[in-house]
Amino acid sequence: MFSSLRTRLWLSYALQIILALGLVFLLLLFSLLRSPLLYRGTLERMNLAAEVAVTRYADLPDNANPQAVIARMAESLQVRLAVLSADGEILFDSQAGAAAFRKINLTLQPQNPPRLPLVRDSKGRRWLYTSRPLPGTDDHLVVLVPMPSLIHMSTLTDDLLAPFLRVGIAALLLSLGVAWLVARGVADPLQEMVKAAQAFPDETPTPVSERGPQEVREVIQAFNAMAERVQASQQAQREFVANVSHELKTPLTSIQGFAQAILDGTADDPQTLQQAASIIRAESARMYRMVLDLLDLARMDAGIARFEMRDLDLRAILKNVLEKLAPQSAAAGVRFIFQMEAVPPLRGDGDRLSQVFTNLIENALKHTPAGGAVTIAGQLQDGFVQVTVQDTGEGIPPEALPHIFERFYRADAARQGGERQAAGLGLAIAHDIVRAHGGKISVQSAVGQGSTFIVHLPLAPPDATTLISKSKR
Ligand code: ADP
């Protein structure tokens, strides 16, 4: 019930208002109670009564009984009147039957005094009083009025409480409006985000408009960025599945066709049979390689690919790769140039790095016409080993460069129709392996002049956790 932002905001405002007003009210009350201002009416009435009584007393004829007159005056003025001797003794009290007074201090001046002139009777009741010298005597006339009780004081209820209540109610209403506005500024964009998140991924999410306070804007920005990444990743996934299906379909169709030919006897002579069987074998081998590559990528994506990290002699690894590929280079009529500086041992997985350089050098051989050269150079640079594989081949078109490391991407797909057609996974795997080593791979190329692949490898990869998180991205 109180969980909505609007209600909570308003409740907190209301609580603050009530607390603040209550505190101010109490403070005011406290200082008022101690101030004579509150009793001004009573004090004035007392003073007036004193003046009247003293004037009348002065005008008394000689034969009058002063005490009887004072008693009558007390009755008509509705006050208690007492006569005090100079030494403070009570000579007369208009309410002699009521509780008597203790000592009355006549030095307290009742006109706007800093302290209230108060006296208690023997029962503890408090009386306000004022005194006047009685003309022609040493005595004093004292006018007493019971101290008004708080509940009967209109000053408190009318002058203090009522305005406080009015201001309080107005402030509460105002705070309701402000809380509503503030909550709307925060809750509305959040609500919009909730709707967008709930509709996801059935509907393509339109970005939530950025509004509200800074913090809310930041949440919206983060949400929009996340939605964009999720979309991109979904798109990539869809493309990936489509690519895998497409890549598998071609060899499967050809396997199916040749198997059918064997079965229904279309391929009946031994030579055709032999040809069909070898095509089936080559196609299934290609599929097998592709599935292995996909598994490899999936493991690196999931961060569960095993990397056997050792101190490696990169120069030896590269030499090995070159020796292994020597027959291919001879067949292609492309020569290798090897320029490797001495570099310190590098921490990495030897088999995986061999795979990277084999792929790069094989690609270079594939795309370089006879008579060309593939240069493999290595050097140390700011704690990184930089290996470049440069060819003098056909180069890569600029529009293909940004996609070269994507899965299934083939820059020259149209031309690659042969039986040994590759799936376009080699560079994607190389990229992931290099990243898992904490390094990076890049390419520079100019059509007609050749391509250069640059691999940066740190001598020691940062640490295992970074590797996994990096390889997950
Ligand atoms: P593939 O298995 O098709 O070789 P890769 O991922 O290794 O896949 O390479 C992706 C694409 O990049 C290739 O199809 C090719 O078009 C292009 N490519 C890679 N290396 C070179 C190179 N040295 N020269 C020109 N093009 C290259």
# chains A, B, ... in the order shown; residues from 1 in each chain; ligands from 1
call {"tool": "residues_near_ligand", "arguments": {"ligand": "ligand 1", "cutoff": "9 Å", "atoms": "only C-alpha atoms and all ligand atoms", "output": "number ranges by chain"}}
result
A: 359-368, 389-397, 400-401, 403-413, 416, 421-430, 445, 447, 450-453
call {"tool": "write_last_selection", "arguments": {"atoms": "N, CA and C atoms", "output": "CSV table (one decimal), in the first residue's frame"}}
result
chain,number,residue,atom,x,y,z
A,359,ASN,N,47.4,-20.5,-39.5
A,359,ASN,CA,46.2,-19.9,-40.3
A,359,ASN,C,46.6,-18.6,-41.0
A,360,LEU,N,47.4,-17.8,-40.4
A,360,LEU,CA,47.7,-16.5,-41.0
A,360,LEU,C,48.6,-16.8,-42.2
A,361,ILE,N,49.6,-17.7,-42.1
A,361,ILE,CA,50.6,-17.9,-43.2
A,361,ILE,C,49.9,-18.7,-44.3
A,362,GLU,N,49.0,-19.7,-43.9
A,362,GLU,CA,48.2,-20.4,-45.0
A,362,GLU,C,47.4,-19.4,-45.8
A,363,ASN,N,46.7,-18.5,-45.1
A,363,ASN,CA,45.9,-17.5,-45.8
A,363,ASN,C,46.8,-16.7,-46.7
A,364,ALA,N,48.0,-16.3,-46.2
A,364,ALA,CA,48.9,-15.5,-47.1
A,364,ALA,C,49.3,-16.3,-48.3
A,365,LEU,N,49.6,-17.6,-48.1
A,365,LEU,CA,50.0,-18.4,-49.3
A,365,LEU,C,48.8,-18.5,-50.3
A,366,LYS,N,47.6,-18.7,-49.7
A,366,LYS,CA,46.4,-18.9,-50.5
A,366,LYS,C,46.2,-17.7,-51.4
A,367,HIS,N,46.5,-16.5,-50.9
A,367,HIS,CA,46.1,-15.2,-51.6
A,367,HIS,C,47.2,-14.6,-52.3
A,368,THR,N,48.4,-15.3,-52.3
A,368,THR,CA,49.5,-14.6,-53.0
A,368,THR,C,49.9,-15.4,-54.3
A,389,VAL,N,52.7,-10.8,-40.3
A,389,VAL,CA,52.7,-11.8,-41.5
A,389,VAL,C,52.3,-11.0,-42.7
A,390,GLN,N,53.3,-10.7,-43.6
A,390,GLN,CA,53.0,-9.8,-44.7
A,390,GLN,C,53.1,-10.5,-46.0
A,391,ASP,N,52.1,-10.3,-46.9
A,391,ASP,CA,52.2,-11.0,-48.2
A,391,ASP,C,52.2,-10.0,-49.3
A,392,THR,N,52.5,-10.5,-50.5
A,392,THR,CA,52.5,-9.6,-51.6
A,392,THR,C,51.4,-10.0,-52.6
A,393,GLY,N,50.3,-10.4,-51.9
A,393,GLY,CA,49.2,-10.9,-52.6
A,393,GLY,C,48.1,-9.9,-53.1
A,394,GLU,N,46.9,-10.4,-53.3
A,394,GLU,CA,45.9,-9.6,-53.9
A,394,GLU,C,45.3,-8.5,-53.0
A,395,GLY,N,45.5,-8.6,-51.7
A,395,GLY,CA,45.0,-7.6,-50.7
A,395,GLY,C,43.6,-7.8,-50.4
A,396,ILE,N,43.1,-7.0,-49.5
A,396,ILE,CA,41.7,-7.2,-49.0
A,396,ILE,C,41.0,-5.9,-49.3
A,397,PRO,N,39.8,-5.9,-49.9
A,397,PRO,CA,39.1,-4.6,-50.2
A,397,PRO,C,38.8,-3.9,-48.9
A,400,ALA,N,35.8,-4.8,-46.9
A,400,ALA,CA,35.8,-6.1,-46.2
A,400,ALA,C,36.7,-6.1,-44.9
A,401,LEU,N,37.6,-5.1,-44.8
A,401,LEU,CA,38.5,-5.1,-43.7
A,401,LEU,C,37.9,-5.1,-42.3
A,403,HIS,N,35.3,-6.5,-41.4
A,403,HIS,CA,34.6,-7.8,-41.1
A,403,HIS,C,35.5,-9.0,-41.1
A,404,ILE,N,36.7,-8.8,-41.4
A,404,ILE,CA,37.6,-9.9,-41.7
A,404,ILE,C,37.7,-11.0,-40.5
A,405,PHE,N,37.5,-10.5,-39.3
A,405,PHE,CA,37.7,-11.4,-38.1
A,405,PHE,C,36.3,-11.9,-37.7
A,406,GLU,N,35.2,-11.6,-38.5
A,406,GLU,CA,33.9,-12.2,-38.1
A,406,GLU,C,33.8,-13.6,-38.5
A,407,ARG,N,32.9,-14.3,-37.8
A,407,ARG,CA,32.7,-15.8,-38.1
A,407,ARG,C,32.0,-15.9,-39.4
A,408,PHE,N,32.5,-16.8,-40.2
A,408,PHE,CA,31.9,-17.2,-41.5
A,408,PHE,C,32.1,-16.1,-42.6
A,409,TYR,N,32.9,-15.1,-42.3
A,409,TYR,CA,33.1,-14.0,-43.2
A,409,TYR,C,34.2,-14.4,-44.3
A,410,ARG,N,33.8,-14.3,-45.5
A,410,ARG,CA,34.8,-14.5,-46.6
A,410,ARG,C,34.8,-13.3,-47.5
A,411,ALA,N,36.0,-12.7,-47.6
A,411,ALA,CA,36.0,-11.5,-48.4
A,411,ALA,C,35.8,-11.7,-49.9
A,412,ASP,N,36.2,-12.9,-50.3
A,412,ASP,CA,36.1,-13.2,-51.7
A,412,ASP,C,35.2,-14.4,-51.9
A,413,ALA,N,34.0,-14.4,-51.3
A,413,ALA,CA,33.2,-15.6,-51.3
A,413,ALA,C,32.8,-16.0,-52.7
A,416,GLN,N,35.5,-18.1,-54.1
A,416,GLN,CA,35.9,-19.4,-53.5
A,416,GLN,C,34.9,-20.5,-53.7
A,421,GLN,N,37.0,-25.4,-50.3
A,421,GLN,CA,36.5,-24.1,-49.8
A,421,GLN,C,36.5,-24.1,-48.3
A,422,ALA,N,37.0,-23.0,-47.7
A,422,ALA,CA,37.0,-22.9,-46.2
A,422,ALA,C,35.8,-22.2,-45.7
A,423,ALA,N,35.5,-22.3,-44.4
A,423,ALA,CA,34.3,-21.8,-43.9
A,423,ALA,C,34.3,-20.4,-43.4
A,424,GLY,N,35.5,-19.8,-43.4
A,424,GLY,CA,35.6,-18.4,-42.9
A,424,GLY,C,35.7,-18.4,-41.4
A,425,LEU,N,36.2,-19.4,-40.8
A,425,LEU,CA,36.2,-19.4,-39.3
A,425,LEU,C,37.7,-19.2,-38.8
A,426,GLY,N,38.6,-19.4,-39.7
A,426,GLY,CA,40.1,-19.4,-39.3
A,426,GLY,C,40.5,-18.1,-38.6
A,427,LEU,N,40.2,-16.9,-39.2
A,427,LEU,CA,40.6,-15.6,-38.5
A,427,LEU,C,39.8,-15.4,-37.3
A,428,ALA,N,38.5,-15.8,-37.2
A,428,ALA,CA,37.7,-15.6,-36.0
A,428,ALA,C,38.4,-16.4,-34.8
A,429,ILE,N,38.8,-17.6,-35.1
A,429,ILE,CA,39.5,-18.4,-34.1
A,429,ILE,C,40.8,-17.8,-33.7
A,430,ALA,N,41.6,-17.4,-34.7
A,430,ALA,CA,42.9,-16.7,-34.4
A,430,ALA,C,42.6,-15.5,-33.5
A,445,SER,N,45.8,-3.5,-45.2
A,445,SER,CA,45.8,-4.1,-46.5
A,445,SER,C,45.5,-3.1,-47.6
A,447,VAL,N,44.5,-3.2,-51.8
A,447,VAL,CA,44.2,-4.1,-52.9
A,447,VAL,C,45.3,-4.0,-53.9
A,450,GLY,N,49.0,-6.2,-51.3
A,450,GLY,CA,49.2,-7.3,-50.3
A,450,GLY,C,48.6,-6.9,-48.9
A,451,SER,N,48.6,-7.8,-48.0
A,451,SER,CA,48.0,-7.6,-46.7
A,451,SER,C,49.1,-7.9,-45.6
A,452,THR,N,48.9,-7.2,-44.5
A,452,THR,CA,49.8,-7.4,-43.3
A,452,THR,C,48.9,-7.7,-42.1
A,453,PHE,N,49.1,-8.9,-41.5
A,453,PHE,CA,48.4,-9.2,-40.3
A,453,PHE,C,49.4,-9.0,-39.1
call {"tool": "select_by_dssp", "arguments": {"residues": "stretch 255-340 of chain A", "states": "alpha helix (DSSP H)", "output": "ChimeraX atom specification"}}
result
/A:255-263,270-302,314-332
call {"tool": "closest_residue", "arguments": {"among": "A:Pro398, A:Gly372, A:Pro133, A:Gly333", "to": "A:Tyr57", "atoms": "only C-alpha atoms"}}
result
A:Pro133
call {"tool": "residues_around", "arguments": {"residues": "stretch 198-206 of chain A", "least_positions_apart": "3", "cutoff": "8 Å", "atoms": "only C-alpha atoms", "output": "PDB file with N, CA, C and O atoms, in the first residue's frame"}}
result
ATOM      1  N   VAL A 194      10.159  -0.202 -17.650  1.00  0.00           N
ATOM      2  CA  VAL A 194       9.603  -1.506 -17.278  1.00  0.00           C
ATOM      3  C   VAL A 194       8.811  -2.065 -18.459  1.00  0.00           C
ATOM      4  O   VAL A 194       8.950  -3.232 -18.830  1.00  0.00           O
ATOM      5  N   LYS A 195       8.002  -1.193 -19.098  1.00  0.00           N
ATOM      6  CA  LYS A 195       7.184  -1.642 -20.227  1.00  0.00           C
ATOM      7  C   LYS A 195       8.085  -2.135 -21.362  1.00  0.00           C
ATOM      8  O   LYS A 195       7.842  -3.182 -21.951  1.00  0.00           O
ATOM      9  N   ALA A 227      19.914  -2.701 -24.120  1.00  0.00           N
ATOM     10  CA  ALA A 227      18.945  -3.205 -25.095  1.00  0.00           C
ATOM     11  C   ALA A 227      19.599  -3.306 -26.478  1.00  0.00           C
ATOM     12  O   ALA A 227      19.401  -4.286 -27.211  1.00  0.00           O
TER      13      ALA A 227
END
call {"tool": "closest_residue", "arguments": {"among": "A:Pro402, A:Arg286, A:Leu11, A:Ala222", "to": "A:Leu173", "atoms": "only C-alpha atoms"}}
result
A:Leu11
